[in-house]
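Asker: Just run_0.txt, nothing more (compact mmCIF, C-alpha atoms and all ligand atoms):
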# COMPACT_ATOMS: atom_id res chain seq x y z
CA MET V 11 13.56 -24.89 -23.52
CA ASN V 12 14.99 -26.79 -20.59
CA ARG V 13 15.85 -30.42 -20.34
CA ARG V 14 12.60 -31.41 -18.69
CA GLN V 15 10.45 -29.74 -21.34
CA LEU V 16 12.46 -31.48 -24.08
CA CYS V 17 11.93 -34.73 -22.30
CA TRP V 18 8.16 -34.39 -22.18
CA ARG V 19 7.95 -33.30 -25.81
CA ARG V 20 9.55 -36.50 -27.03
CA VAL V 21 7.46 -38.77 -24.90
CA GLY V 22 4.26 -40.26 -26.22
CA MET V 23 1.50 -40.68 -23.66
CA GLY V 24 1.73 -44.47 -23.87
CA SER V 25 5.34 -44.61 -22.80
CA VAL V 26 5.11 -42.03 -20.02
CA LEU V 27 5.02 -44.54 -17.21
CA ALA V 28 7.79 -46.65 -18.64
CA LEU V 29 9.99 -43.62 -19.06
CA LEU V 30 9.27 -42.20 -15.62
CA ALA V 31 11.12 -44.97 -13.88
CA SER V 32 14.36 -44.27 -15.77
CA ALA V 33 13.89 -40.48 -15.84
CA LEU V 34 13.19 -39.99 -12.16
CA PRO V 35 16.78 -39.93 -10.92
CA VAL V 36 17.64 -37.34 -13.59
CA LEU V 37 14.64 -35.18 -12.72
CA ALA V 38 15.53 -35.31 -9.06
CA GLN V 39 18.94 -33.84 -9.80
CA ALA V 40 17.69 -31.21 -12.22
CA PRO V 41 17.03 -27.75 -10.75
CA ASP V 42 13.39 -27.18 -9.85
CA ALA V 43 12.16 -24.88 -12.59
CA SER V 44 9.34 -23.59 -10.41
CA VAL V 45 11.76 -22.23 -7.82
CA LEU V 46 13.34 -18.76 -7.99
CA VAL V 47 16.28 -17.75 -5.82
CA VAL V 48 16.55 -14.00 -5.15
CA ARG V 49 19.71 -12.45 -3.72
CA ALA V 50 20.63 -8.91 -2.65
CA ALA V 51 23.30 -7.24 -0.53
CA ALA V 52 20.96 -6.98 2.46
CA ILE V 53 17.40 -7.79 3.41
CA ILE V 54 15.35 -5.42 5.58
CA ASP V 55 12.66 -7.94 6.39
CA GLY V 56 9.75 -5.74 7.54
CA THR V 57 10.00 -6.68 11.22
CA GLY V 58 12.96 -4.46 12.07
CA ALA V 59 15.58 -7.13 11.39
CA VAL V 60 18.32 -6.89 8.76
CA ARG V 61 19.88 -9.97 7.18
CA THR V 62 22.91 -10.32 4.96
CA ASN V 63 24.29 -13.30 3.04
CA THR V 64 20.75 -14.67 2.77
CA ASP V 65 18.85 -15.93 -0.27
CA VAL V 66 15.08 -15.68 -0.58
CA VAL V 67 13.64 -18.79 -2.19
CA VAL V 68 10.29 -18.35 -3.94
CA ARG V 69 7.86 -20.90 -5.32
CA GLY V 70 4.22 -20.65 -6.33
CA GLY V 71 4.03 -16.98 -5.41
CA ARG V 72 5.23 -17.58 -1.84
CA ILE V 73 8.47 -17.41 0.09
CA ILE V 74 9.35 -21.02 0.87
CA GLU V 75 12.77 -20.62 2.41
CA LEU V 76 15.35 -18.12 3.67
CA ARG V 77 18.78 -19.72 3.52
CA THR V 78 22.45 -18.87 3.62
CA ALA V 79 23.48 -17.65 0.18
CA ARG V 80 25.01 -20.39 -1.91
CA GLY V 81 25.56 -21.24 -5.55
CA ARG V 82 24.02 -19.22 -8.31
CA ALA V 83 20.96 -17.03 -7.71
CA ASP V 84 18.28 -16.76 -10.39
CA ILE V 85 17.96 -13.05 -9.64
CA ASP V 86 21.10 -11.48 -8.24
CA LEU V 87 20.38 -7.87 -7.33
CA GLY V 88 24.01 -7.13 -6.43
CA THR V 89 24.43 -4.19 -4.07
CA ARG V 90 20.71 -3.46 -3.87
CA VAL V 91 18.72 -3.79 -0.66
CA LEU V 92 15.64 -5.98 -0.53
CA ALA V 93 12.45 -5.23 1.43
CA PRO V 94 8.90 -6.60 1.48
CA GLY V 95 6.53 -5.12 -1.09
CA LEU V 96 5.55 -1.67 0.16
CA ILE V 97 2.04 -0.84 1.36
CA ASP V 98 0.24 2.49 1.14
CA THR V 99 -2.90 2.37 3.30
CA HIS V 100 -4.34 5.61 1.95
CA VAL V 101 -4.48 6.49 -1.73
CA HIS V 102 -7.16 7.89 -4.00
CA MET V 103 -6.62 5.69 -7.02
CA GLY V 104 -9.49 7.22 -8.99
CA TRP V 105 -8.15 10.78 -8.92
CA TYR V 106 -6.21 11.89 -11.98
CA ILE V 107 -5.15 14.93 -13.96
CA ASN V 108 -7.04 15.11 -17.25
CA GLU V 109 -5.83 16.13 -20.72
CA LYS V 110 -6.59 19.76 -19.93
CA LYS V 111 -4.10 19.51 -17.06
CA ARG V 112 -6.87 19.83 -14.48
CA LEU V 113 -8.18 17.59 -11.73
CA HIS V 114 -10.65 15.18 -13.35
CA ARG V 115 -14.26 15.90 -12.40
CA ALA V 116 -17.38 13.97 -13.37
CA ASP V 117 -18.42 16.81 -15.71
CA ASP V 118 -15.11 17.40 -17.53
CA GLY V 119 -16.19 15.42 -20.60
CA ASP V 120 -13.94 12.41 -20.02
CA SER V 121 -15.58 9.14 -21.04
CA GLU V 122 -15.79 6.18 -18.69
CA PRO V 123 -13.08 4.25 -20.62
CA THR V 124 -10.79 7.29 -20.40
CA ALA V 125 -11.37 7.52 -16.66
CA THR V 126 -10.78 3.78 -16.21
CA LEU V 127 -7.53 3.93 -18.21
CA ASN V 128 -6.33 6.70 -15.93
CA VAL V 129 -7.18 4.68 -12.82
CA MET V 130 -5.24 1.75 -14.33
CA GLY V 131 -2.35 4.11 -15.00
CA ASN V 132 -2.34 5.16 -11.35
CA ALA V 133 -2.35 1.52 -10.27
CA GLN V 134 0.56 0.66 -12.55
CA ARG V 135 2.62 3.66 -11.47
CA MET V 136 2.23 2.65 -7.82
CA LEU V 137 3.26 -0.94 -8.54
CA GLN V 138 6.32 0.24 -10.46
CA ALA V 139 7.25 2.40 -7.45
CA GLY V 140 7.31 -0.72 -5.28
CA PHE V 141 3.81 -0.56 -3.78
CA THR V 142 2.48 -4.08 -4.15
CA THR V 143 -0.57 -3.37 -1.97
CA VAL V 144 -2.63 -0.19 -1.69
CA GLN V 145 -5.79 0.76 0.11
CA SER V 146 -7.85 3.18 -1.94
CA VAL V 147 -10.40 5.24 -0.06
CA GLY V 148 -11.98 6.03 -3.34
CA GLY V 149 -15.18 5.56 -5.27
CA MET V 150 -16.90 3.02 -7.49
CA GLU V 151 -14.33 3.69 -10.24
CA ASP V 152 -11.89 1.55 -8.23
CA LYS V 153 -13.98 -1.59 -8.58
CA ALA V 154 -13.30 -2.56 -12.21
CA VAL V 155 -9.57 -1.94 -11.80
CA ARG V 156 -9.33 -3.82 -8.49
CA ASP V 157 -11.17 -6.80 -9.96
CA ALA V 158 -9.18 -6.78 -13.23
CA ILE V 159 -5.92 -6.83 -11.26
CA ASN V 160 -7.15 -9.69 -9.07
CA ARG V 161 -8.12 -11.68 -12.17
CA GLY V 162 -4.70 -11.09 -13.72
CA VAL V 163 -6.14 -9.07 -16.61
CA ILE V 164 -3.89 -6.08 -15.94
CA ALA V 165 -0.81 -5.45 -13.83
CA GLY V 166 -1.24 -3.53 -10.61
CA PRO V 167 -0.90 -3.66 -6.86
CA ARG V 168 -3.24 -5.68 -4.69
CA VAL V 169 -6.08 -3.16 -4.18
CA LEU V 170 -8.40 -2.85 -1.22
CA THR V 171 -11.03 -0.18 -1.68
CA SER V 172 -13.89 1.48 0.18
CA LEU V 173 -15.76 2.16 -3.11
CA GLY V 174 -16.97 5.42 -1.55
CA SER V 175 -17.25 7.13 1.81
CA LEU V 176 -19.78 8.41 4.28
CA ASN V 177 -19.95 11.58 6.37
CA GLU V 178 -22.27 13.41 8.77
CA ASN V 179 -24.94 13.67 6.06
CA ALA V 180 -25.59 9.92 6.36
CA GLY V 181 -28.11 10.95 9.02
CA SER V 182 -29.52 8.95 11.91
CA PRO V 183 -27.63 5.97 13.35
CA ASP V 184 -30.03 3.64 11.54
CA SER V 185 -29.44 5.34 8.25
CA VAL V 186 -25.66 5.34 8.86
CA ARG V 187 -25.84 1.57 9.38
CA ALA V 188 -27.85 1.19 6.16
CA THR V 189 -25.20 3.17 4.27
CA VAL V 190 -22.45 0.89 5.62
CA ARG V 191 -24.46 -2.16 4.53
CA ARG V 192 -24.82 -0.69 1.02
CA PHE V 193 -21.02 -0.35 0.68
CA HIS V 194 -20.61 -3.88 1.98
CA ASP V 195 -23.12 -5.23 -0.56
CA ARG V 196 -21.33 -3.43 -3.40
CA GLY V 197 -18.13 -5.25 -2.51
CA ALA V 198 -16.22 -2.73 -0.40
CA ASP V 199 -13.15 -4.05 1.45
CA VAL V 200 -13.21 -1.28 4.06
CA ILE V 201 -15.52 1.54 5.19
CA LYS V 202 -14.19 5.10 4.86
CA ILE V 203 -15.69 7.68 7.18
CA PHE V 204 -15.25 11.47 7.26
CA ALA V 205 -15.55 12.57 10.89
CA SER V 206 -14.04 16.02 10.44
CA LYS V 207 -13.72 18.71 7.80
CA SER V 208 -10.65 18.85 5.60
CA ILE V 209 -7.67 20.78 6.90
CA ARG V 210 -8.41 23.42 4.24
CA ASP V 211 -11.72 23.98 6.08
CA GLY V 212 -10.31 23.95 9.60
CA GLY V 213 -10.58 20.22 10.35
CA VAL V 214 -13.40 20.52 12.93
CA GLN V 215 -15.41 17.49 14.02
CA THR V 216 -18.47 16.87 11.85
CA MET V 217 -19.89 13.49 12.89
CA THR V 218 -21.45 12.81 16.28
CA GLN V 219 -20.37 10.03 18.61
CA GLU V 220 -23.66 8.21 17.86
CA GLN V 221 -23.02 8.36 14.12
CA LEU V 222 -19.47 7.03 14.52
CA ASP V 223 -20.65 4.29 16.89
CA ALA V 224 -23.18 3.24 14.25
CA ALA V 225 -20.71 3.39 11.33
CA CYS V 226 -17.78 1.54 12.92
CA GLY V 227 -20.06 -0.80 14.86
CA GLU V 228 -21.92 -1.89 11.74
CA ALA V 229 -18.67 -2.28 9.81
CA LYS V 230 -17.29 -4.53 12.53
CA ARG V 231 -20.49 -6.59 12.59
CA LEU V 232 -20.08 -7.18 8.84
CA GLY V 233 -16.40 -8.12 9.24
CA LEU V 234 -15.15 -4.91 7.66
CA ARG V 235 -12.54 -2.49 8.90
CA SER V 236 -13.30 1.21 9.27
CA ILE V 237 -10.93 4.09 8.63
CA VAL V 238 -11.75 7.56 9.79
CA HIS V 239 -10.63 10.89 8.42
CA ALA V 240 -10.18 12.99 11.57
CA HIS V 241 -8.16 16.17 12.08
CA ALA V 242 -9.69 17.58 15.29
CA ALA V 243 -8.69 15.82 18.51
CA SER V 244 -12.37 15.42 19.44
CA ALA V 245 -13.10 13.62 16.15
CA ALA V 246 -10.14 11.26 16.65
CA LYS V 247 -11.22 10.49 20.23
CA ALA V 248 -14.79 9.80 19.11
CA ALA V 249 -13.42 7.38 16.48
CA VAL V 250 -11.36 5.54 19.11
CA ARG V 251 -14.38 5.29 21.44
CA ALA V 252 -16.46 3.94 18.54
CA GLY V 253 -13.94 1.12 18.02
CA CYS V 254 -12.95 2.23 14.50
CA THR V 255 -9.89 0.48 13.04
CA GLN V 256 -7.81 3.47 11.96
CA VAL V 257 -7.57 7.22 12.35
CA ASP V 258 -6.23 9.12 9.34
CA HIS V 259 -4.40 12.47 9.31
CA GLY V 260 -4.88 13.68 12.89
CA VAL V 261 -3.16 16.97 12.13
CA LEU V 262 -4.81 18.64 15.15
CA VAL V 263 -4.84 15.74 17.62
CA ASP V 264 -3.52 16.15 21.15
CA GLU V 265 -1.49 13.79 23.30
CA GLU V 266 -4.59 12.40 24.95
CA ALA V 267 -6.03 11.29 21.60
CA LEU V 268 -2.74 9.58 20.72
CA GLN V 269 -2.64 7.83 24.10
CA MET V 270 -6.21 6.65 23.57
CA MET V 271 -5.29 5.21 20.16
CA ALA V 272 -2.27 3.40 21.62
CA LYS V 273 -4.36 1.95 24.45
CA ALA V 274 -7.22 0.83 22.19
CA GLY V 275 -4.88 -0.49 19.46
CA THR V 276 -6.31 1.96 16.91
CA PHE V 277 -3.97 2.33 13.95
CA PHE V 278 -2.78 5.87 13.29
CA GLU V 279 -1.95 7.15 9.84
CA PRO V 280 -0.27 10.57 9.74
CA GLN V 281 1.17 12.00 6.52
CA CYS V 282 4.56 13.59 6.09
CA GLU V 283 4.49 15.89 3.06
CA LEU V 284 3.55 14.25 -0.25
CA VAL V 285 -0.12 15.19 -0.24
CA SER V 286 0.46 18.81 0.82
CA ARG V 287 3.42 19.33 -1.51
CA ASN V 288 1.49 17.86 -4.43
CA TYR V 289 -1.23 20.49 -3.94
CA LEU V 290 1.20 23.35 -3.36
CA ASP V 291 3.55 22.47 -6.22
CA HIS V 292 0.66 22.08 -8.70
CA LYS V 293 -1.95 24.63 -7.65
CA GLU V 294 -2.97 25.12 -11.28
CA TRP V 295 -4.34 21.55 -11.45
CA PHE V 296 -6.78 22.22 -8.59
CA ARG V 297 -7.43 25.98 -8.28
CA GLY V 298 -11.08 27.01 -8.47
CA ILE V 299 -12.46 23.57 -7.67
CA GLY V 300 -14.26 23.31 -4.30
CA ASN V 301 -12.07 24.68 -1.51
CA TYR V 302 -8.92 24.75 -3.65
CA ASN V 303 -8.46 28.50 -3.46
CA ASP V 304 -5.89 30.88 -1.96
CA GLU V 305 -7.33 30.44 1.50
CA GLY V 306 -7.33 26.66 1.15
CA PHE V 307 -3.75 26.59 -0.14
CA GLU V 308 -2.63 28.77 2.78
CA ALA V 309 -4.24 26.29 5.17
CA THR V 310 -2.39 23.48 3.38
CA GLU V 311 0.87 25.40 3.77
CA ARG V 312 0.19 25.83 7.49
CA SER V 313 -0.67 22.13 7.81
CA LEU V 314 2.91 21.24 6.86
CA ALA V 315 4.13 22.93 10.06
CA LEU V 316 1.33 21.30 12.07
CA ARG V 317 2.31 17.90 10.67
CA ARG V 318 5.90 18.50 11.80
CA ASP V 319 4.68 19.38 15.33
CA LEU V 320 2.55 16.26 15.39
CA VAL V 321 5.58 14.04 14.74
CA LYS V 322 7.19 14.84 18.10
CA LYS V 323 3.90 14.02 19.82
CA TYR V 324 3.25 10.70 18.14
CA LEU V 325 6.82 9.43 18.29
CA ALA V 326 6.69 9.97 22.07
CA VAL V 327 3.71 7.63 22.54
CA PRO V 328 4.87 4.09 23.25
CA GLY V 329 2.90 1.33 21.58
CA LEU V 330 1.18 3.61 19.08
CA LYS V 331 0.67 1.65 15.84
CA VAL V 332 1.77 4.08 13.14
CA VAL V 333 1.02 2.88 9.62
CA TYR V 334 2.06 4.26 6.28
CA GLY V 335 -0.45 6.24 4.24
CA THR V 336 0.32 9.07 1.87
CA ASP V 337 -3.18 10.21 0.87
CA ALA V 338 -1.87 10.19 -2.71
CA VAL V 339 -4.29 12.19 -4.82
CA ALA V 340 -4.21 13.18 -8.48
CA GLY V 341 -0.66 13.65 -9.69
CA ALA V 342 0.98 11.91 -6.70
CA HIS V 343 0.58 8.25 -7.69
CA GLY V 344 3.99 6.70 -8.21
CA ASP V 345 5.57 9.15 -5.76
CA ASN V 346 4.20 7.14 -2.83
CA ALA V 347 7.67 6.49 -1.36
CA ARG V 348 8.29 10.20 -0.87
CA ASP V 349 6.84 10.16 2.64
CA MET V 350 9.24 7.33 3.52
CA SER V 351 12.25 9.53 2.82
CA CYS V 352 10.41 12.47 4.43
CA ARG V 353 9.91 10.47 7.62
CA VAL V 354 13.65 9.80 7.84
CA THR V 355 14.99 13.21 6.80
CA GLN V 356 12.38 15.41 8.47
CA ASN V 357 11.06 13.28 11.34
CA ARG V 358 14.43 11.67 12.10
CA GLU V 359 12.83 8.23 12.19
CA LYS V 360 15.10 5.28 11.50
CA ALA V 361 14.88 3.96 7.92
CA VAL V 362 14.36 0.41 9.16
CA ASN V 363 11.43 1.52 11.34
CA VAL V 364 9.87 3.41 8.45
CA ILE V 365 10.08 0.22 6.38
CA THR V 366 8.41 -1.73 9.20
CA SER V 367 5.63 0.88 9.27
CA ALA V 368 5.14 0.66 5.49
CA THR V 369 5.18 -3.15 5.46
CA SER V 370 4.28 -5.37 8.43
CA MET V 371 2.50 -2.66 10.47
CA SER V 372 0.46 -1.51 7.48
CA ALA V 373 -0.30 -5.15 6.60
CA ALA V 374 -1.63 -5.67 10.12
CA SER V 375 -3.88 -2.62 9.74
CA LEU V 376 -5.35 -4.19 6.60
CA GLY V 377 -6.00 -7.46 8.41
CA LEU V 378 -3.33 -9.09 6.20
CA GLY V 379 -0.56 -9.35 8.77
CA SER V 380 -0.14 -13.09 8.36
CA THR V 381 0.22 -13.06 4.56
CA ILE V 382 2.00 -9.87 3.45
CA GLY V 383 4.43 -7.28 4.81
CA LYS V 384 7.32 -9.54 5.85
CA ILE V 385 10.10 -11.41 4.13
CA ALA V 386 9.38 -14.63 5.99
CA VAL V 387 8.63 -18.23 5.12
CA GLY V 388 5.01 -18.72 4.08
CA TYR V 389 4.45 -15.07 3.19
CA GLU V 390 3.50 -13.78 -0.25
CA ALA V 391 6.54 -13.30 -2.47
CA ASP V 392 6.09 -9.52 -2.61
CA LEU V 393 9.61 -8.11 -2.83
CA VAL V 394 11.16 -4.79 -3.78
CA ALA V 395 14.77 -3.73 -4.12
CA PHE V 396 16.09 -0.24 -3.58
CA ASP V 397 18.98 1.05 -5.67
CA GLY V 398 21.11 1.87 -2.67
CA ASP V 399 20.77 1.41 1.06
CA PRO V 400 17.99 3.55 2.59
CA ARG V 401 19.75 3.27 5.97
CA THR V 402 22.51 5.52 4.70
CA ASP V 403 20.88 7.17 1.68
CA THR V 404 17.23 8.20 2.12
CA SER V 405 16.85 8.98 -1.58
CA ALA V 406 17.08 5.21 -2.18
CA PHE V 407 13.45 4.88 -1.06
CA GLU V 408 12.47 6.59 -4.28
CA ARG V 409 14.78 4.43 -6.40
CA VAL V 410 12.96 1.12 -6.47
CA SER V 411 14.42 -0.89 -9.34
CA PHE V 412 13.00 -4.35 -8.72
CA VAL V 413 9.39 -5.28 -8.00
CA MET V 414 7.96 -8.76 -7.46
CA LYS V 415 4.33 -9.38 -6.51
CA HIS V 416 3.11 -12.89 -5.75
CA GLY V 417 6.30 -14.28 -7.29
CA VAL V 418 5.89 -12.44 -10.59
CA VAL V 419 8.51 -9.84 -11.52
CA TYR V 420 7.06 -6.54 -12.73
CA ARG V 421 10.24 -4.51 -12.72
CA TYR V 422 13.88 -5.33 -13.28
CA PRO V 423 16.93 -3.12 -12.84
CA PRO V 424 18.14 -2.18 -16.34
CA ALA V 425 21.50 -3.88 -15.85
CA ILE V 426 20.06 -7.24 -14.87
CA ALA V 427 18.57 -9.68 -17.34
CA GLY V 428 15.68 -11.79 -16.19
CA PRO V 429 16.01 -15.53 -15.72
CA SER V 430 15.72 -17.43 -18.97
CA ARG V 431 12.64 -19.28 -17.81
CA ARG V 432 9.13 -18.29 -16.97
CA TYR V 433 8.38 -16.82 -13.54
CA PRO V 434 6.20 -18.95 -11.32
CA GLN V 435 2.55 -17.85 -11.41
ZN ZN V 501 -7.66 10.97 1.64
Could you take the file, read its structure, and then write that structure out as structure tokens?
Ligand SMILES: [Zn+2]
Answerer:
Amino acid sequence: MNRRQLCWRRVGMGSVLALLASALPVLAQAPDASVLVVRAAAIIDGTGAVRTNTDVVVRGGRIIELRTARGRADIDLGTRVLAPGLIDTHVHMGWYINEKKRLHRADDGDSEPTATLNVMGNAQRMLQAGFTTVQSVGGMEDKAVRDAINRGVIAGPRVLTSLGSLNENAGSPDSVRATVRRFHDRGADVIKIFASKSIRDGGVQTMTQEQLDAACGEAKRLGLRSIVHAHAASAAKAAVRAGCTQVDHGVLVDEEALQMMAKAGTFFEPQCELVSRNYLDHKEWFRGIGNYNDEGFEATERSLALRRDLVKKYLAVPGLKVVYGTDAVAGAHGDNARDMSCRVTQNREKAVNVITSATSMSAASLGLGSTIGKIAVGYEADLVAFDGDPRTDTSAFERVSFVMKHGVVYRYPPAIAGPSRRYPQ
């Protein structure tokens, strides 16, 4: 109990005013218990800048000040490197591996509570890995978990979800628009659209220009963003023409499609390796379901090379807004940072740029660019610390040892004790 709490305990309501006059000077000198000072060896702030000798001051879930380090910090992270809470713009939070060590399907006998617990588990694993915000292009199973996290019932990242998806089977433009309105009415944060086949099925365009115009146009009219699964160049171009917010995957896109995205300001979300490796390293979880067969796995293997070719193309396009999205499916939640190290080691991108992509750029793609994704005054106090410096050691991306979301600490390095008082809520 601190001095102020003691003070208030002893005071009867009647004498509060009388006491205030004499207590005020003391209170003014006492440290503000609602303020937390966080210190680390360096701060990679999400905009491309790196600061040292700087404290992050947090109150009420927000960053209220960045100041030259002085005095004692409430949370001193030593040699660790601080970054904004990480953002994965493409996960499938509802996918999980069931007790039989197989991909969960609606008919595998799992009860709804079991499924929900697994979705919660995925959410918690991602938060512990430093992802304080995720966009799930999932199904209705996301809703209860998203809402429980927002209400503070359970711990988890900030979740935005599409609560489902639409594809070419949505039909006429009118019926596509009606489908978008249904997702909106259910409480979707974003509209997910499949405009091409999966890469296991060749990735060809499936939706017409008219269908995409209707889907992304109606989403925009309702104030929703639209993200489009598109492998074929023609599908990506149709999505750009339709004014969709984001193109996902793009394994087969050409330079023209990338130039069109850059010009239109369409966000682009390529993957590095996590999603493919997860399938290839754990074939037994998926084999025999849908197109998870030898042919499909071979296509996945080939897609790794195609993804590597794509990197050279997209890094050469100035102004292209590349966001971070792993497409984390069953078994990959919690490994979301793997594509960050992959982008540095394989793509030769700079670690600081990868952090910008996974923070401020991804925040902008979610329409949250003025509240999350930067360590800056007024922003949400979403902070992570890497055990090590990712600029010199890429494996540090996967060693997140400190996680704060909205000023609340969810993970501490083992060697550091928490502050003796309650975290601000
Ligand atoms: Zn996906």
Asker: Within 7 Å of ligand ZN 501 (chain V), counting all atoms listed in the file: which residues, as a PyMOL selection string?
Answerer: chain V and resi 100-102+147+337
Asker: Tell me, in Å to one decimal, how far CA of Ala243 in chain V is from CA of Leu376 in chain V.
Answerer: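 Answer for the CA of Ala243 in chain V to CA of Leu376 in chain V separation: 23.5 Å.
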Asker: Skipping near chain neighbours, those fewer than 3 positions away, what residues fall within 7 Å of range 151-159 of chain V using all atoms listed in the file, listed as number ranges by chain?
Answerer: V: 103-104, 126, 130, 148, 162-166, 169, 171, 173
Asker: Rounded to one decimal place, report the CA of Ile53 in chain V-CA of Leu393 in chain V distance in Å.
Answerer: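 Spanning CA of Ile53 in chain V to CA of Leu393 in chain V is a straight-line distance of 10.0 Å.
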Asker: Quick one: pull the distance between CA of Ala395 in chain V and CA of Ile74 in chain V, Å, one decimal.
Answerer: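 For CA of Ala395 in chain V relative to CA of Ile74 in chain V, the distance reads 18.8 Å.
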Asker: Please identify all polymer residues within 8 Å of Ala309 in chain V, counting all atoms listed in the file, omitting same-chain residues fewer than 2 positions from it, and present them as a VMD selection string.
Answerer: chain V and resid 209 to 212 305 to 307 311 to 313
Asker: Go through V:Gln138, V:Leu290, V:Thr99, V:Ala229 and flag the residue nearest Phe278 in chain V, using all atoms listed in the file for the distances.
Answerer: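 Selected residue with least distance to Phe278 in chain V: V:Thr99.
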Asker: Between V:Thr57, V:Thr355, V:Thr89, V:Asn132, which has the minimum distance to Ser372 in chain V (counting all atoms listed in the file)?
Answerer: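 Checking each candidate against Ser372 in chain V, we get V:Thr57 as the closest.
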Asker: Restricting the calculation to all atoms listed in the file, which member of V:Leu46, V:Arg112, V:Thr336, V:Met150 is positioned closest to Ile73 in chain V?
Answerer: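 Of the candidates, the smallest distance to Ile73 in chain V is held by V:Leu46.
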Asker: Nearest to Ile203 in chain V among V:His239, V:Arg187, V:Arg421, V:Arg82, with distances taken over only C-alpha atoms: which residue is it?
Answerer: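 Nearest to Ile203 in chain V: V:His239.
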Asker: Between V:Gly227, V:Pro167, V:Pro280, V:Gly149, single out the one closest to Asp184 in chain V, counting all atoms listed in the file.
Answerer: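 Using all atoms listed in the file, Asp184 in chain V sits closest to V:Gly227.
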Asker: Which polymer residues have any atom within 6 Å of an atom of range 406-415 of chain V, counting only C-alpha atoms, with same-chain residues fewer than 2 positions away left out, as a list in words?
Answerer: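 Skipping anything fewer than 2 positions along the chain leaves Ala139, Gly140, Ala347, Asp392, Leu393, Val394, Ala395, Phe396, Asp397, Gly398, Pro400, Asp403, Thr404, Gly417, Val418, Val419, Tyr420, Arg421, Tyr422 and Pro423 of chain V.
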Asker: Let me see the file: selected residues, C-alpha atoms, as a short mmCIF file (atom, residue, chain, number, x, y, z; two decimals), in the coordinates of the input.
Answerer:
data_model
loop_
_atom_site.label_atom_id
_atom_site.label_comp_id
_atom_site.auth_asym_id
_atom_site.auth_seq_id
_atom_site.Cartn_x
_atom_site.Cartn_y
_atom_site.Cartn_z
CA ALA V 139 7.25 2.40 -7.45
CA GLY V 140 7.31 -0.72 -5.28
CA ALA V 347 7.67 6.49 -1.36
CA ASP V 392 6.09 -9.52 -2.61
CA LEU V 393 9.61 -8.11 -2.83
CA VAL V 394 11.16 -4.79 -3.78
CA ALA V 395 14.77 -3.73 -4.12
CA PHE V 396 16.09 -0.24 -3.58
CA ASP V 397 18.98 1.05 -5.67
CA GLY V 398 21.11 1.87 -2.67
CA PRO V 400 17.99 3.55 2.59
CA ASP V 403 20.88 7.17 1.68
CA THR V 404 17.23 8.20 2.12
CA GLY V 417 6.30 -14.28 -7.29
CA VAL V 418 5.89 -12.44 -10.59
CA VAL V 419 8.51 -9.84 -11.52
CA TYR V 420 7.06 -6.54 -12.73
CA ARG V 421 10.24 -4.51 -12.72
CA TYR V 422 13.88 -5.33 -13.28
CA PRO V 423 16.93 -3.12 -12.84
#
Asker: May I have the residues within 10 Å of Gln281 in chain V as a list in words, using all atoms listed in the file and disregarding those fewer than 4 positions away in the same chain?
Answerer: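 Near Gln281 in chain V, the qualifying residues are His100, Asp258, His259, Gly260, Val261, Val285, Ser286, Leu314, Arg317, Arg318, Leu320, Val321, Val333, Tyr334, Gly335, Thr336, Asp337, Ala338, Asp349, Met350, Cys352 and Arg353 of chain V.
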Asker: Which is closer to Arg69 in chain V than all the others in V:Leu92, V:Ala391, V:Ala425, V:Ala249, using only C-alpha atoms?
Answerer: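 Among the listed residues, V:Ala391 lies closest to Arg69 in chain V.
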Asker: I'd like the box whose edges run along x, y and z of the file and which contains every listed atom of range 116-126 of chain V, padded by 5 Å per side; could you state its centre and edge lengths in Å, one decimal, as JSON?
Answerer:
{"center_x": -14.6, "center_y": 10.6, "center_z": -17.2, "size_x": 17.6, "size_y": 23.6, "size_z": 17.7}
Asker: Can you tell me, as a PyMOL selection string, what residues are no more than 9 Å from Ala272 in chain V when counting only C-alpha atoms, ignoring any on the same chain fewer than 6 positions away?
Answerer: chain V and resi 278+327-331
